[in-house]
Every structure is written in C-alpha cells, then in structure tokens.
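Next up, start11.txt (compact mmCIF, C-alpha atoms (C1' of nucleotides) and all ligand atoms):
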```txt
# COMPACT_ATOMS: atom_id res chain seq x y z
CA MET D 1 2.75 23.35 27.82
CA SER D 2 5.79 21.48 28.88
CA CYS D 3 7.25 23.11 25.82
CA ARG D 4 6.10 26.51 27.03
CA ARG D 5 7.62 25.95 30.44
CA GLU D 6 10.91 24.96 28.98
CA LYS D 7 10.98 27.95 26.74
CA GLU D 8 10.28 30.30 29.58
CA GLY D 9 12.82 28.47 31.65
CA SER D 10 15.50 28.97 29.07
CA GLU D 11 14.71 32.65 28.84
CA TRP D 12 15.33 33.06 32.52
CA GLU D 13 18.31 30.82 32.28
CA GLY D 14 19.71 32.93 29.48
CA ARG D 15 19.18 36.07 31.45
CA PHE D 16 21.08 34.70 34.41
CA ARG D 17 23.92 33.23 32.45
CA GLY D 18 24.17 36.34 30.37
CA CYS D 19 25.02 38.15 33.59
CA GLY D 20 27.59 35.53 34.54
CA TYR D 21 25.37 33.80 37.07
CA ARG D 22 24.67 30.10 37.27
CA TRP D 23 21.20 28.75 36.77
CA THR D 24 20.32 26.92 39.94
CA LEU D 25 17.32 25.25 41.48
CA SER D 26 17.04 27.90 44.17
CA ARG D 27 16.93 30.65 41.61
CA GLN D 28 14.34 28.84 39.56
CA ALA D 29 12.19 28.38 42.61
CA ILE D 30 12.47 32.01 43.65
CA ILE D 31 11.60 33.26 40.17
CA GLU D 32 8.69 30.84 40.20
CA ALA D 33 7.47 32.18 43.51
CA LEU D 34 7.71 35.77 42.38
CA SER D 35 5.92 34.95 39.14
CA SER D 36 3.00 33.20 40.73
CA THR D 37 1.69 35.98 42.90
CA SER D 38 0.64 39.56 42.47
CA ASP D 39 1.58 40.41 46.03
CA HIS D 40 4.45 42.54 47.16
CA MET D 41 6.26 39.86 49.09
CA SER D 42 8.83 40.35 51.79
CA ALA D 43 11.97 38.23 51.71
CA GLU D 44 10.53 36.02 54.38
CA GLU D 45 7.32 35.54 52.43
CA VAL D 46 9.31 34.52 49.39
CA TYR D 47 11.18 32.13 51.64
CA ASN D 48 7.96 30.60 52.94
CA ALA D 49 6.53 30.25 49.46
CA VAL D 50 9.66 28.58 48.20
CA GLN D 51 9.83 26.27 51.19
CA LYS D 52 6.59 24.55 50.22
CA LYS D 53 8.21 22.83 47.26
CA HIS D 54 11.86 23.01 48.18
CA SER D 55 12.26 22.81 51.90
CA SER D 56 16.01 22.86 51.74
CA ILE D 57 16.36 26.38 50.35
CA GLY D 58 17.63 28.74 53.01
CA LEU D 59 16.62 32.26 53.91
CA ALA D 60 20.07 33.64 53.18
CA THR D 61 19.83 32.35 49.63
CA VAL D 62 16.53 34.11 49.21
CA TYR D 63 18.09 37.38 50.32
CA ARG D 64 21.07 36.85 48.07
CA THR D 65 18.95 36.00 45.05
CA LEU D 66 16.62 38.93 45.56
CA GLU D 67 19.64 41.21 45.69
CA ILE D 68 20.85 39.83 42.39
CA LEU D 69 17.44 40.18 40.81
CA VAL D 70 17.18 43.78 41.93
CA GLY D 71 20.62 44.37 40.49
CA MET D 72 19.44 42.88 37.19
CA ALA D 73 16.39 45.17 37.29
CA VAL D 74 14.22 42.08 37.08
CA VAL D 75 12.74 42.76 40.48
CA LEU D 76 11.79 46.05 42.09
CA SER D 77 12.24 46.67 45.77
CA PHE D 78 9.88 48.93 47.68
CA ASP D 79 9.59 50.44 51.10
CA PHE D 80 5.96 50.67 52.11
CA GLY D 81 6.64 51.80 55.64
CA ASP D 82 6.45 48.49 57.39
CA LYS D 83 10.04 47.81 58.24
CA ARG D 84 10.88 45.31 55.56
CA ALA D 85 11.72 45.47 51.90
CA ARG D 86 8.97 44.31 49.59
CA TYR D 87 9.60 42.85 46.17
CA GLU D 88 7.74 42.65 42.89
CA LEU D 89 8.66 41.57 39.38
CA ALA D 90 9.40 44.54 37.15
CA GLU D 91 6.50 45.20 34.80
CA ARG D 92 8.28 43.84 31.76
CA PHE D 93 8.37 40.43 33.44
CA SER D 94 4.88 40.41 34.84
CA LYS D 95 1.35 40.85 33.60
CA LYS D 96 1.05 44.15 35.40
CA ASP D 97 1.35 47.49 33.72
CA HIS D 98 3.62 50.22 34.94
CA HIS D 99 2.02 51.47 38.10
CA HIS D 100 2.70 53.39 41.26
CA HIS D 101 1.54 52.74 44.80
CA LEU D 102 -0.88 54.16 47.29
CA VAL D 103 -0.30 52.91 50.82
CA CYS D 104 -2.48 52.94 53.93
CA ASN D 105 -0.44 54.12 56.89
CA ASP D 106 -2.63 52.18 59.25
CA CYS D 107 -3.36 48.71 57.88
CA GLY D 108 -0.64 48.64 55.25
CA LYS D 109 -3.01 48.05 52.34
CA VAL D 110 -1.33 48.77 49.03
CA VAL D 111 -3.25 49.97 45.98
CA GLU D 112 -1.62 49.83 42.59
CA TYR D 113 -2.95 52.58 40.41
CA THR D 114 -2.46 53.17 36.73
CA GLU D 115 -4.94 55.96 36.16
CA PHE D 116 -2.69 58.97 36.34
CA ILE D 117 0.46 57.22 35.34
CA GLY D 118 0.62 58.80 31.92
CA ASP D 119 1.04 62.33 33.20
CA GLU D 120 3.32 61.16 35.95
CA ILE D 121 5.68 59.40 33.59
CA GLU D 122 5.75 62.39 31.32
CA LEU D 123 6.58 64.73 34.17
CA LEU D 124 9.14 62.34 35.59
CA ASN D 125 10.92 62.10 32.27
CA LYS D 126 11.00 65.84 31.92
CA THR D 127 12.24 66.29 35.46
CA GLU D 128 14.82 63.55 35.06
CA LYS D 129 16.18 65.26 32.01
CA GLY D 130 16.36 68.60 33.77
CA LEU D 131 17.97 67.18 36.88
CA SER D 132 20.47 65.13 34.92
CA LYS D 133 21.68 68.17 33.10
CA LYS D 134 21.69 70.57 36.01
CA TYR D 135 23.22 68.30 38.62
CA ASN D 136 25.22 65.94 36.42
CA PHE D 137 23.43 62.90 37.70
CA LYS D 138 22.90 59.75 35.71
CA ILE D 139 19.40 58.98 36.91
CA ASP D 140 18.18 55.42 36.68
CA ASN D 141 15.34 55.21 39.09
CA HIS D 142 12.50 57.06 40.69
CA VAL D 143 9.95 56.59 43.40
CA ILE D 144 6.51 58.08 43.61
CA GLN D 145 4.24 56.95 46.38
CA PHE D 146 1.21 58.30 48.17
CA TYR D 147 0.45 57.62 51.79
CA GLY D 148 -2.78 58.02 53.66
CA LEU D 149 -5.65 56.15 55.21
CA CYS D 150 -7.84 53.70 53.37
CA LYS D 151 -11.59 53.85 53.74
CA LYS D 152 -11.67 51.33 56.54
CA CYS D 153 -8.94 53.05 58.55
CA GLN D 154 -9.92 56.69 58.34
CA MET J 1 17.74 88.87 70.66
CA SER J 2 17.16 87.22 73.96
CA CYS J 3 13.65 88.43 73.37
CA ARG J 4 13.60 86.72 70.00
CA ARG J 5 14.81 83.47 71.44
CA GLU J 6 12.18 83.46 74.09
CA LYS J 7 9.49 84.14 71.58
CA GLU J 8 10.63 81.30 69.39
CA GLY J 9 10.95 79.13 72.43
CA SER J 10 7.42 79.81 73.47
CA GLU J 11 6.15 79.04 70.01
CA TRP J 12 7.67 75.63 70.18
CA GLU J 13 6.50 75.28 73.74
CA GLY J 14 2.99 76.13 72.68
CA ARG J 15 3.09 73.64 69.91
CA PHE J 16 4.12 70.87 72.23
CA ARG J 17 1.73 71.70 75.00
CA GLY J 18 -1.03 72.16 72.51
CA CYS J 19 -0.56 68.50 71.65
CA GLY J 20 -0.56 67.49 75.31
CA TYR J 21 3.18 67.08 75.55
CA ARG J 22 5.41 68.59 78.20
CA TRP J 23 8.07 71.07 77.23
CA THR J 24 11.33 69.53 78.37
CA LEU J 25 15.00 70.27 78.09
CA SER J 26 15.59 67.24 75.88
CA ARG J 27 12.94 68.36 73.46
CA GLN J 28 14.32 71.88 73.35
CA ALA J 29 17.77 70.53 72.61
CA ILE J 30 16.55 68.25 69.86
CA ILE J 31 14.57 71.02 68.19
CA GLU J 32 17.65 73.19 68.49
CA ALA J 33 19.80 70.56 66.83
CA LEU J 34 17.36 70.07 63.99
CA SER J 35 17.08 73.83 63.50
CA SER J 36 20.77 74.49 63.33
CA THR J 37 21.68 72.32 60.39
CA SER J 38 20.55 71.85 56.82
CA ASP J 39 21.59 68.22 56.84
CA HIS J 40 19.33 65.24 56.78
CA MET J 41 20.38 63.79 60.10
CA SER J 42 19.97 60.25 61.28
CA ALA J 43 18.74 59.66 64.81
CA GLU J 44 22.26 58.93 65.90
CA GLU J 45 23.55 62.14 64.36
CA VAL J 46 20.89 64.10 66.20
CA TYR J 47 21.98 62.30 69.34
CA ASN J 48 25.61 63.24 68.78
CA ALA J 49 24.74 66.85 68.09
CA VAL J 50 22.63 67.07 71.21
CA GLN J 51 25.28 65.41 73.33
CA LYS J 52 27.70 68.27 72.85
CA LYS J 53 25.66 70.57 75.05
CA HIS J 54 23.61 68.12 77.06
CA SER J 55 25.60 64.99 77.61
CA SER J 56 22.92 63.41 79.73
CA ILE J 57 20.32 63.09 77.00
CA GLY J 58 19.94 59.49 75.89
CA LEU J 59 19.56 57.95 72.49
CA ALA J 60 16.17 56.48 73.32
CA THR J 61 14.86 59.94 74.05
CA VAL J 62 16.07 61.13 70.69
CA TYR J 63 14.19 58.33 68.98
CA ARG J 64 11.09 59.01 71.03
CA THR J 65 11.17 62.73 70.37
CA LEU J 66 11.72 62.31 66.66
CA GLU J 67 8.75 60.00 66.57
CA ILE J 68 6.63 62.66 68.24
CA LEU J 69 7.88 65.36 65.91
CA VAL J 70 7.09 63.26 62.87
CA GLY J 71 3.64 62.67 64.32
CA MET J 72 3.20 66.42 64.70
CA ALA J 73 4.30 66.89 61.08
CA VAL J 74 7.04 69.15 62.34
CA VAL J 75 9.72 66.82 61.09
CA LEU J 76 9.81 64.75 57.92
CA SER J 77 11.35 61.33 57.82
CA PHE J 78 13.05 60.03 54.69
CA ASP J 79 14.56 56.82 53.44
CA PHE J 80 17.51 57.55 51.21
CA GLY J 81 18.57 53.97 50.83
CA ASP J 82 21.18 53.81 53.52
CA LYS J 83 19.55 51.72 56.17
CA ARG J 84 18.52 54.44 58.56
CA ALA J 85 15.77 56.99 58.76
CA ARG J 86 16.84 60.55 58.02
CA TYR J 87 15.11 63.59 59.44
CA GLU J 88 14.57 67.17 58.40
CA LEU J 89 12.40 70.00 59.67
CA ALA J 90 9.28 70.42 57.57
CA GLU J 91 9.59 73.41 55.27
CA ARG J 92 7.25 75.56 57.27
CA PHE J 93 9.67 75.38 60.20
CA SER J 94 12.86 75.84 58.25
CA LYS J 95 14.36 78.27 55.82
CA LYS J 96 14.13 75.76 53.03
CA ASP J 97 11.47 75.79 50.39
CA HIS J 98 9.42 72.77 49.51
CA HIS J 99 11.79 70.48 47.69
CA HIS J 100 12.31 66.91 46.65
CA HIS J 101 15.42 64.80 46.68
CA LEU J 102 17.89 63.36 44.23
CA VAL J 103 20.07 60.66 45.74
CA CYS J 104 23.34 59.10 44.60
CA ASN J 105 23.12 55.34 44.93
CA ASP J 106 26.85 55.08 45.38
CA CYS J 107 28.12 57.78 47.73
CA GLY J 108 24.76 58.73 49.23
CA LYS J 109 24.97 62.38 48.25
CA VAL J 110 21.60 64.07 48.47
CA VAL J 111 20.63 67.01 46.28
CA GLU J 112 17.61 69.09 47.17
CA TYR J 113 16.05 70.48 44.06
CA THR J 114 13.36 73.07 43.69
CA GLU J 115 13.52 73.66 39.95
CA PHE J 116 10.72 71.44 38.78
CA ILE J 117 8.75 71.44 41.98
CA GLY J 118 5.99 73.63 40.63
CA ASP J 119 4.87 71.15 38.02
CA GLU J 120 5.38 68.27 40.39
CA ILE J 121 3.20 69.77 43.08
CA GLU J 122 0.52 70.54 40.57
CA LEU J 123 0.53 67.00 39.27
CA LEU J 124 0.66 65.56 42.76
CA ASN J 125 -2.36 67.55 43.81
CA LYS J 126 -4.30 66.46 40.78
CA THR J 127 -3.32 62.84 41.28
CA GLU J 128 -4.09 62.99 44.98
CA LYS J 129 -7.54 64.28 44.25
CA GLY J 130 -8.16 61.57 41.68
CA LEU J 131 -6.84 58.81 43.90
CA SER J 132 -8.76 60.03 46.94
CA LYS J 133 -12.00 59.90 45.06
CA LYS J 134 -11.44 56.65 43.22
CA TYR J 135 -9.98 54.64 46.08
CA ASN J 136 -11.54 56.39 49.07
CA PHE J 137 -8.20 57.22 50.57
CA LYS J 138 -7.52 60.20 52.78
CA ILE J 139 -4.10 61.07 51.42
CA ASP J 140 -1.79 63.05 53.62
CA ASN J 141 1.64 62.42 52.28
CA HIS J 142 3.67 61.72 49.19
CA VAL J 143 7.17 60.79 48.25
CA ILE J 144 8.99 61.64 45.06
CA GLN J 145 12.61 60.80 44.82
CA PHE J 146 15.11 60.22 42.08
CA TYR J 147 18.02 57.84 42.35
CA GLY J 148 21.13 57.65 40.25
CA LEU J 149 24.83 58.33 40.22
CA CYS J 150 26.36 61.69 40.90
CA LYS J 151 29.06 63.06 38.67
CA LYS J 152 31.86 61.72 40.82
CA CYS J 153 30.39 58.21 41.03
CA GLN J 154 29.33 57.51 37.46
C1' DA I 1 30.65 10.41 31.95
C1' DT I 2 34.50 12.39 34.86
C1' DT I 3 37.08 16.00 36.65
C1' DG I 4 38.33 20.38 38.55
C1' DA I 5 37.76 25.22 39.41
C1' DT I 6 34.81 27.92 41.74
C1' DA I 7 30.13 29.88 42.26
C1' DA I 8 26.39 28.99 45.19
C1' DT I 9 24.37 27.30 49.26
C1' DG I 10 22.55 26.37 54.22
C1' DA I 11 23.11 26.90 58.93
C1' DG I 12 23.88 29.76 62.17
C1' DA I 13 26.39 33.75 64.08
C1' DA I 14 26.81 38.63 63.81
C1' DT I 15 25.28 43.35 62.95
C1' DC I 16 22.81 47.24 63.88
C1' DA I 17 18.84 50.41 63.74
C1' DA I 18 14.92 50.69 66.27
C1' DT I 19 11.86 49.41 70.21
C1' DA I 20 10.52 47.87 74.78
C1' DT I 21 11.24 47.67 79.83
C1' DC I 22 11.57 49.74 84.16
C1' DA I 23 13.05 52.29 88.04
C1' DA I 24 14.26 57.08 88.77
C1' DT I 25 13.34 61.88 87.64
C1' DA I 26 11.27 66.12 86.28
C1' DA I 27 7.17 68.89 84.62
C1' DG I 28 3.46 71.45 85.84
C1' DG I 29 -1.32 71.89 87.79
C1' DA I 30 -3.37 72.37 92.37
C1' DT K 1 5.29 72.97 98.14
C1' DC K 2 3.00 68.61 96.92
C1' DC K 3 1.24 65.16 94.03
C1' DT K 4 0.31 62.91 89.85
C1' DT K 5 2.16 61.17 85.97
C1' DA K 6 4.67 62.07 81.65
C1' DT K 7 9.34 61.73 80.57
C1' DT K 8 13.84 60.04 80.86
C1' DG K 9 18.39 57.16 80.72
C1' DA K 10 20.30 52.89 80.92
C1' DT K 11 19.93 48.70 79.22
C1' DA K 12 17.94 44.56 77.29
C1' DT K 13 15.54 42.99 73.36
C1' DT K 14 13.81 42.66 68.84
C1' DG K 15 13.93 41.74 64.06
C1' DA K 16 15.46 42.36 59.43
C1' DT K 17 19.44 41.84 56.93
C1' DT K 18 24.25 40.53 56.26
C1' DC K 19 28.26 37.80 57.06
C1' DT K 20 31.12 33.51 57.75
C1' DC K 21 32.55 29.28 56.52
C1' DA K 22 32.48 24.53 55.58
C1' DT K 23 29.96 21.87 52.16
C1' DT K 24 27.72 21.21 47.73
C1' DA K 25 26.30 22.04 43.00
C1' DT K 26 27.16 23.98 38.47
C1' DC K 27 29.34 23.68 34.21
C1' DA K 28 33.18 24.07 30.94
C1' DA K 29 36.89 21.31 29.64
C1' DT K 30 38.37 16.93 29.25
MN MN P 1 3.11 46.95 42.70
MN MN P 2 15.69 67.88 52.23
ZN ZN P 3 -6.06 50.91 56.02
ZN ZN P 4 27.89 59.73 44.34
```

Encoding of this model in structure tokens:
Amino acid sequence: MSCRREKEGSEWEGRFRGCGYRWTLSRQAIIEALSSTSDHMSAEEVYNAVQKKHSSIGLATVYRTLEILVGMAVVLSFDFGDKRARYELAERFSKKDHHHHLVCNDCGKVVEYTEFIGDEIELLNKTEKGLSKKYNFKIDNHVIQFYGLCKKCQ
Amino acid sequence: MSCRREKEGSEWEGRFRGCGYRWTLSRQAIIEALSSTSDHMSAEEVYNAVQKKHSSIGLATVYRTLEILVGMAVVLSFDFGDKRARYELAERFSKKDHHHHLVCNDCGKVVEYTEFIGDEIELLNKTEKGLSKKYNFKIDNHVIQFYGLCKKCQ
DNA sequence: ATTGATAATGAGAATCAATATCAATAAGGA
DNA sequence: TCCTTATTGATATTGATTCTCATTATCAAT
C-alpha cells in the first residue's frame, strides 16, 4: 500500500509538473483533502481540513491551489447559491460518476443525481454542437442545476 | 399612450400591492430601468440607470428592490462568472422568449439562444418530474448555461 | 551535496459586492 | 388630515476572494 500511495503520488506529481507547476507539500495536502471526502467543500473547508495535518498551510495558498486545479480541469467549481464557491474533484479523478446537482434553496442540501444524466448529456452534446456552429463559440463547459425545496423544507 | 402607461403602471402597482408591498417611486423607476433594456444588468448598473432620472435613489434600495423582484419571480438573477449577480426581467414581463445563455469565459459576452430551447425544456420537464418524485423535491427553478470562448477570444 | 534562479508560500492588507443599521421619510388606510 | 409603519438613503459592516511582499522551498544544473 505504500507502493500504491507512491504510485498515486507520482501520478499527481506528473500532472502538476506536466503543467509546469512544482510539486509541493501544500498541493499534496490539498489534493489529499479533496480526495478524502465526497462533500462539495468551500475553500475555507478545504483550509480547515488541511490544517489538521499541516497547520502551517495558509488560506491564500488554498485559494491559489484551487484556482490552479480548476484551470487544470482536475477540480470543478460550483455555485450552489450560498455565497461561496464549492469544489469537487472532476469525475475522472474521483469514484463518482458524471452527475448533476439538485439544490435545496432553503437548507442548502445538495443531491447528486445520475438517473437522467444519459439524456441530458446527449442533449447537451447536440446543443453544444449547434451553438458552436451558429455562434462560433468554442464551448468547453456547461452547467445544469435544479433548485427547489427538499422534503424537510417544503 | 398616456392611457397605456397608466394601465401598465397599475398592473405593476397591483402586482406589488397584491404581495403586500407599497408602490413607490423607487420601485417604479427600477421596473422602468429593467424594462427599457435588453441587457443583463448588475445591481450597480441598475443603480446608474435609475440615477439619471431620480438622483436621490440609493444603491441599497436597488439591492432591496431587486431582491423583492426576484422573490416575486418577476426578475431572474444569473451568475455569468463575473463576480456579480446579473438581472433580467422574466420572459413573461419582457419581449424576450424563454432562452438560455452562452457565456464567453474571456470577454464575458453573453449570447441568448432560443434555437434548441424546445428540446431542452422538454428534457428539463421530464427530469424535473423524475427528480421530484425520486428525491421528494419541490423543484421551482433550473439553470442551463454553456461556457466557452467567443470567436474573438478563441 | 551545494548552489542559484525563481516558483510558491504565509501573513496580513486590500478589494468589492452585498448586507445590516438606523434615523428620517413617504405611503396609504382610517 | 392623521397615524401607523413600510420604505428609504447614507453609511458602516460583513465576508469571500484577491493582492502584496518579504521569506522559503523546489529543483535543475553543477
Ligand atoms: Mn457533486
Ligand atoms: Mn437573458
Ligand atoms: Zn432543504
Ligand atoms: Zn469573448
């Protein structure tokens, strides 16, 4: 398992260095934190998680690293209506499947659903193609989210 | 046409009073500002627009009124990735048809498209129904947006 | 292992949209 | 007109995010 760790480590390391970034303790710790939860953490939550093992890592570094990770498409950033960005490993780096989100406007509960994803993806691809052609956009991203009230809050 | 104005005025007035709100000059001016543009204005832009005719109206009032209007589902609030909320009259109060948005990540250009809306709406309705049942959510809102680079920026 | 160029970092200040406070004002029912 | 109270403007405050800058860590070349 130490072997497994190292291997995973070097994959991440390779990814960073491949983009011209250095492989630092802070970045390891932040990746670690993101990998070991299924939550959609805010920057501050990532900071708190990271602090437990590495109390010297600063909040600014967390923000900076998250920005890099989003730029590398390793991490996805979401707006769920509370006034802070929320982050999650992109599906290809996590155990989760491609999913979209259903958010309670009242308590903030977030449901990840995969049930209707198939049709959604298909439609999105078709729409993307149409929009790209008609409006000359190079599309690289989409957002679909539903908002409402969860059982408890309605 | 003065007749027409008054009639429109009283419709808005009725809508406000029907919700227990008073019908004030500030609110008239803000509605007016929102009605007379097809832009997606930020709160500050609404404030600037309103200032031209009514220089006494304050920014806080603009924020408060927009909040009310969003609550009344008269105005829609969007996040286009610049760090400010953007507002637009809901389609039933504007000349625009139901549309979604395509946003340039670089220059912020926003395209309103209606081409593929039909299929999208259909899928959204189906998905909403499925999600409502499965997760016991009362869904009242959705977001679909595409992000990319416009011709100029790619 | 040592060095040197420079990327990365932590602490704290700065930014800036949005919200809260509060005394003064205006809306509208009686 | 009078009274109650919602609304308002000015201003302070909040809170997430970004910036600054002196210090430190990374890593390729010795
Ligand atoms: Mn998720
Ligand atoms: Mn629009
Ligand atoms: Zn809820
Ligand atoms: Zn552009």

Give chain J as a compact mmCIF listing (two decimals) with C-alpha atoms, keeping the file's coordinate frame once it has been least-squares superposed onto chain D over every C-alpha atom, paired in order.
```txt
# COMPACT_ATOMS: atom_id res chain seq x y z
CA MET J 1 2.77 23.44 27.54
CA SER J 2 5.80 21.58 28.69
CA CYS J 3 7.31 23.20 25.66
CA ARG J 4 6.20 26.60 26.88
CA ARG J 5 7.66 26.04 30.29
CA GLU J 6 10.98 25.05 28.90
CA LYS J 7 11.08 28.07 26.69
CA GLU J 8 10.34 30.37 29.57
CA GLY J 9 12.84 28.51 31.66
CA SER J 10 15.54 28.99 29.11
CA GLU J 11 14.78 32.67 28.86
CA TRP J 12 15.38 33.08 32.53
CA GLU J 13 18.37 30.81 32.29
CA GLY J 14 19.79 32.94 29.53
CA ARG J 15 19.26 36.06 31.50
CA PHE J 16 21.14 34.69 34.46
CA ARG J 17 23.98 33.19 32.52
CA GLY J 18 24.24 36.30 30.45
CA CYS J 19 25.08 38.10 33.67
CA GLY J 20 27.63 35.46 34.65
CA TYR J 21 25.40 33.74 37.15
CA ARG J 22 24.70 30.03 37.32
CA TRP J 23 21.20 28.75 36.78
CA THR J 24 20.32 26.91 39.97
CA LEU J 25 17.31 25.23 41.46
CA SER J 26 17.02 27.87 44.18
CA ARG J 27 16.94 30.63 41.64
CA GLN J 28 14.34 28.85 39.55
CA ALA J 29 12.17 28.39 42.61
CA ILE J 30 12.46 32.01 43.65
CA ILE J 31 11.61 33.27 40.18
CA GLU J 32 8.69 30.87 40.20
CA ALA J 33 7.46 32.21 43.51
CA LEU J 34 7.73 35.81 42.38
CA SER J 35 5.94 34.99 39.13
CA SER J 36 3.02 33.24 40.71
CA THR J 37 1.70 36.02 42.88
CA SER J 38 0.65 39.62 42.46
CA ASP J 39 1.59 40.44 46.03
CA HIS J 40 4.45 42.57 47.15
CA MET J 41 6.29 39.89 49.08
CA SER J 42 8.84 40.38 51.79
CA ALA J 43 11.97 38.25 51.71
CA GLU J 44 10.51 36.04 54.38
CA GLU J 45 7.30 35.58 52.44
CA VAL J 46 9.28 34.56 49.38
CA TYR J 47 11.14 32.14 51.62
CA ASN J 48 7.91 30.64 52.91
CA ALA J 49 6.48 30.30 49.44
CA VAL J 50 9.61 28.61 48.18
CA GLN J 51 9.76 26.28 51.15
CA LYS J 52 6.53 24.57 50.19
CA LYS J 53 8.14 22.85 47.23
CA HIS J 54 11.80 23.00 48.13
CA SER J 55 12.17 22.78 51.86
CA SER J 56 15.93 22.81 51.69
CA ILE J 57 16.30 26.32 50.34
CA GLY J 58 17.56 28.69 53.01
CA LEU J 59 16.57 32.20 53.91
CA ALA J 60 20.03 33.56 53.19
CA THR J 61 19.78 32.31 49.64
CA VAL J 62 16.49 34.09 49.23
CA TYR J 63 18.07 37.34 50.36
CA ARG J 64 21.05 36.80 48.10
CA THR J 65 18.94 35.97 45.08
CA LEU J 66 16.63 38.92 45.59
CA GLU J 67 19.66 41.15 45.76
CA ILE J 68 20.86 39.77 42.44
CA LEU J 69 17.45 40.16 40.85
CA VAL J 70 17.21 43.76 41.98
CA GLY J 71 20.66 44.32 40.54
CA MET J 72 19.48 42.86 37.24
CA ALA J 73 16.45 45.17 37.34
CA VAL J 74 14.27 42.10 37.12
CA VAL J 75 12.78 42.76 40.51
CA LEU J 76 11.84 46.06 42.12
CA SER J 77 12.28 46.68 45.80
CA PHE J 78 9.92 48.95 47.70
CA ASP J 79 9.62 50.45 51.14
CA PHE J 80 6.00 50.70 52.15
CA GLY J 81 6.68 51.82 55.66
CA ASP J 82 6.50 48.50 57.41
CA LYS J 83 10.08 47.81 58.29
CA ARG J 84 10.91 45.34 55.58
CA ALA J 85 11.76 45.49 51.92
CA ARG J 86 8.99 44.34 49.60
CA TYR J 87 9.61 42.86 46.18
CA GLU J 88 7.76 42.68 42.91
CA LEU J 89 8.69 41.59 39.40
CA ALA J 90 9.44 44.56 37.17
CA GLU J 91 6.56 45.23 34.81
CA ARG J 92 8.33 43.87 31.79
CA PHE J 93 8.43 40.45 33.46
CA SER J 94 4.92 40.46 34.84
CA LYS J 95 1.40 40.91 33.61
CA LYS J 96 1.10 44.20 35.41
CA ASP J 97 1.40 47.54 33.74
CA HIS J 98 3.67 50.26 34.99
CA HIS J 99 2.05 51.51 38.15
CA HIS J 100 2.71 53.41 41.32
CA HIS J 101 1.56 52.75 44.83
CA LEU J 102 -0.88 54.17 47.33
CA VAL J 103 -0.29 52.92 50.85
CA CYS J 104 -2.47 52.96 53.96
CA ASN J 105 -0.43 54.13 56.91
CA ASP J 106 -2.61 52.19 59.29
CA CYS J 107 -3.36 48.73 57.92
CA GLY J 108 -0.63 48.66 55.27
CA LYS J 109 -2.99 48.06 52.37
CA VAL J 110 -1.32 48.78 49.06
CA VAL J 111 -3.24 49.96 46.01
CA GLU J 112 -1.60 49.83 42.61
CA TYR J 113 -2.94 52.58 40.45
CA THR J 114 -2.49 53.16 36.77
CA GLU J 115 -5.00 55.94 36.22
CA PHE J 116 -2.75 58.95 36.37
CA ILE J 117 0.43 57.21 35.37
CA GLY J 118 0.56 58.76 31.93
CA ASP J 119 0.96 62.29 33.20
CA GLU J 120 3.27 61.15 35.95
CA ILE J 121 5.61 59.39 33.58
CA GLU J 122 5.67 62.36 31.30
CA LEU J 123 6.52 64.69 34.15
CA LEU J 124 9.08 62.29 35.54
CA ASN J 125 10.84 62.07 32.23
CA LYS J 126 10.93 65.81 31.87
CA THR J 127 12.19 66.26 35.41
CA GLU J 128 14.76 63.52 35.00
CA LYS J 129 16.12 65.19 31.93
CA GLY J 130 16.31 68.55 33.68
CA LEU J 131 17.92 67.13 36.79
CA SER J 132 20.42 65.06 34.81
CA LYS J 133 21.62 68.09 32.97
CA LYS J 134 21.66 70.51 35.87
CA TYR J 135 23.20 68.24 38.48
CA ASN J 136 25.19 65.86 36.28
CA PHE J 137 23.38 62.84 37.58
CA LYS J 138 22.83 59.65 35.64
CA ILE J 139 19.32 58.93 36.84
CA ASP J 140 18.10 55.38 36.65
CA ASN J 141 15.27 55.17 39.08
CA HIS J 142 12.43 57.05 40.69
CA VAL J 143 9.92 56.59 43.42
CA ILE J 144 6.47 58.09 43.64
CA GLN J 145 4.23 56.96 46.40
CA PHE J 146 1.22 58.30 48.20
CA TYR J 147 0.46 57.63 51.83
CA GLY J 148 -2.79 58.03 53.68
CA LEU J 149 -5.64 56.16 55.26
CA CYS J 150 -7.82 53.71 53.42
CA LYS J 151 -11.57 53.84 53.77
CA LYS J 152 -11.65 51.31 56.56
CA CYS J 153 -8.93 53.05 58.59
CA GLN J 154 -9.93 56.70 58.40
```

Would you please work out which residue, of K:DT1, K:DA12, K:DC19, K:DA6, is nearest to chain D when using all atoms listed in the file?
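Ranked by minimum distance to chain D, first place goes to K:DC19.
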
Compute the chain J side of the contact with chain D at 6 Å, counting all atoms listed in the file, and hand it back as a ChimeraX atom specification.
/J:136-151

Residues near region 3-18 of chain I, anyone? I mean within 8 Å using all atoms listed in the file, not counting same-chain ones fewer than 2 positions away, as a list in words.
Arg22, Ser56, Ile57, Gly58, Ala60 and Thr61 of chain D; Lys83 and Arg84 of chain J; DT18, DC19, DT20, DT24, DA25, DT26 and DT30 of chain K

Within 12 Å of (12.9, 52.3, 88.9), in the coordinates the file gives, what residues turn up when you count all atoms listed in the file, written out as number ranges by chain?
I: 21-25; K: 8-10

Separation of CA of Gly20 (chain D) from CA of Ile68 (chain D) in Å
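Separating CA of Ile68 (chain D) from CA of Gly20 (chain D) is a distance of 11.2 Å.
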
Report the centre and edge lengths, in Å to one decimal, of an axis-aligned box enclosing every atom of region 39-43 of chain D listed in the file, padded by 4 Å on each side, as lines of an AutoDock Vina configuration file.
```
center_x = 6.8
center_y = 40.4
center_z = 48.9
size_x = 18.4
size_y = 12.3
size_z = 13.8
```

Let me see if you get this right: every residue at most 9 Å from ligand MN 2 (chain P), counting all atoms listed in the file, written as a list in words.
Ser38, Asp39, His40, Leu76, Phe78, Tyr87, Glu88, Leu89, Ala90, Glu91, Lys96, His98, His99, His100, His101, Val110, Val111, Glu112 and Tyr113 of chain J

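For the pair CA of Leu66 (chain J) and CA of Lys52 (chain J), the separation is 18.1 Å.
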
Measure the distance from CA of Asn48 (chain D) to CA of Tyr63 (chain D) in Å and round it to one decimal.
12.5 Å

Of the residues D:Arg86, D:Lys109, D:Lys129, D:His54, which is the one nearest to chain K, using all atoms listed in the file?
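Smallest separation from chain K among the options: D:Arg86.
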
Give me the residues near DC2 (chain K) as a list in words, where near means some atom within 12 Å (using only C-alpha atoms (C1' of nucleotides)) and where sequence neighbours in that chain fewer than 2 positions away do not count.
DG28, DG29 and DA30 of chain I; DT4 of chain K

Pick from K:DC21, K:DG15, K:DT7, K:DA29 nearest to chain D, counting all atoms listed in the file:
K:DG15
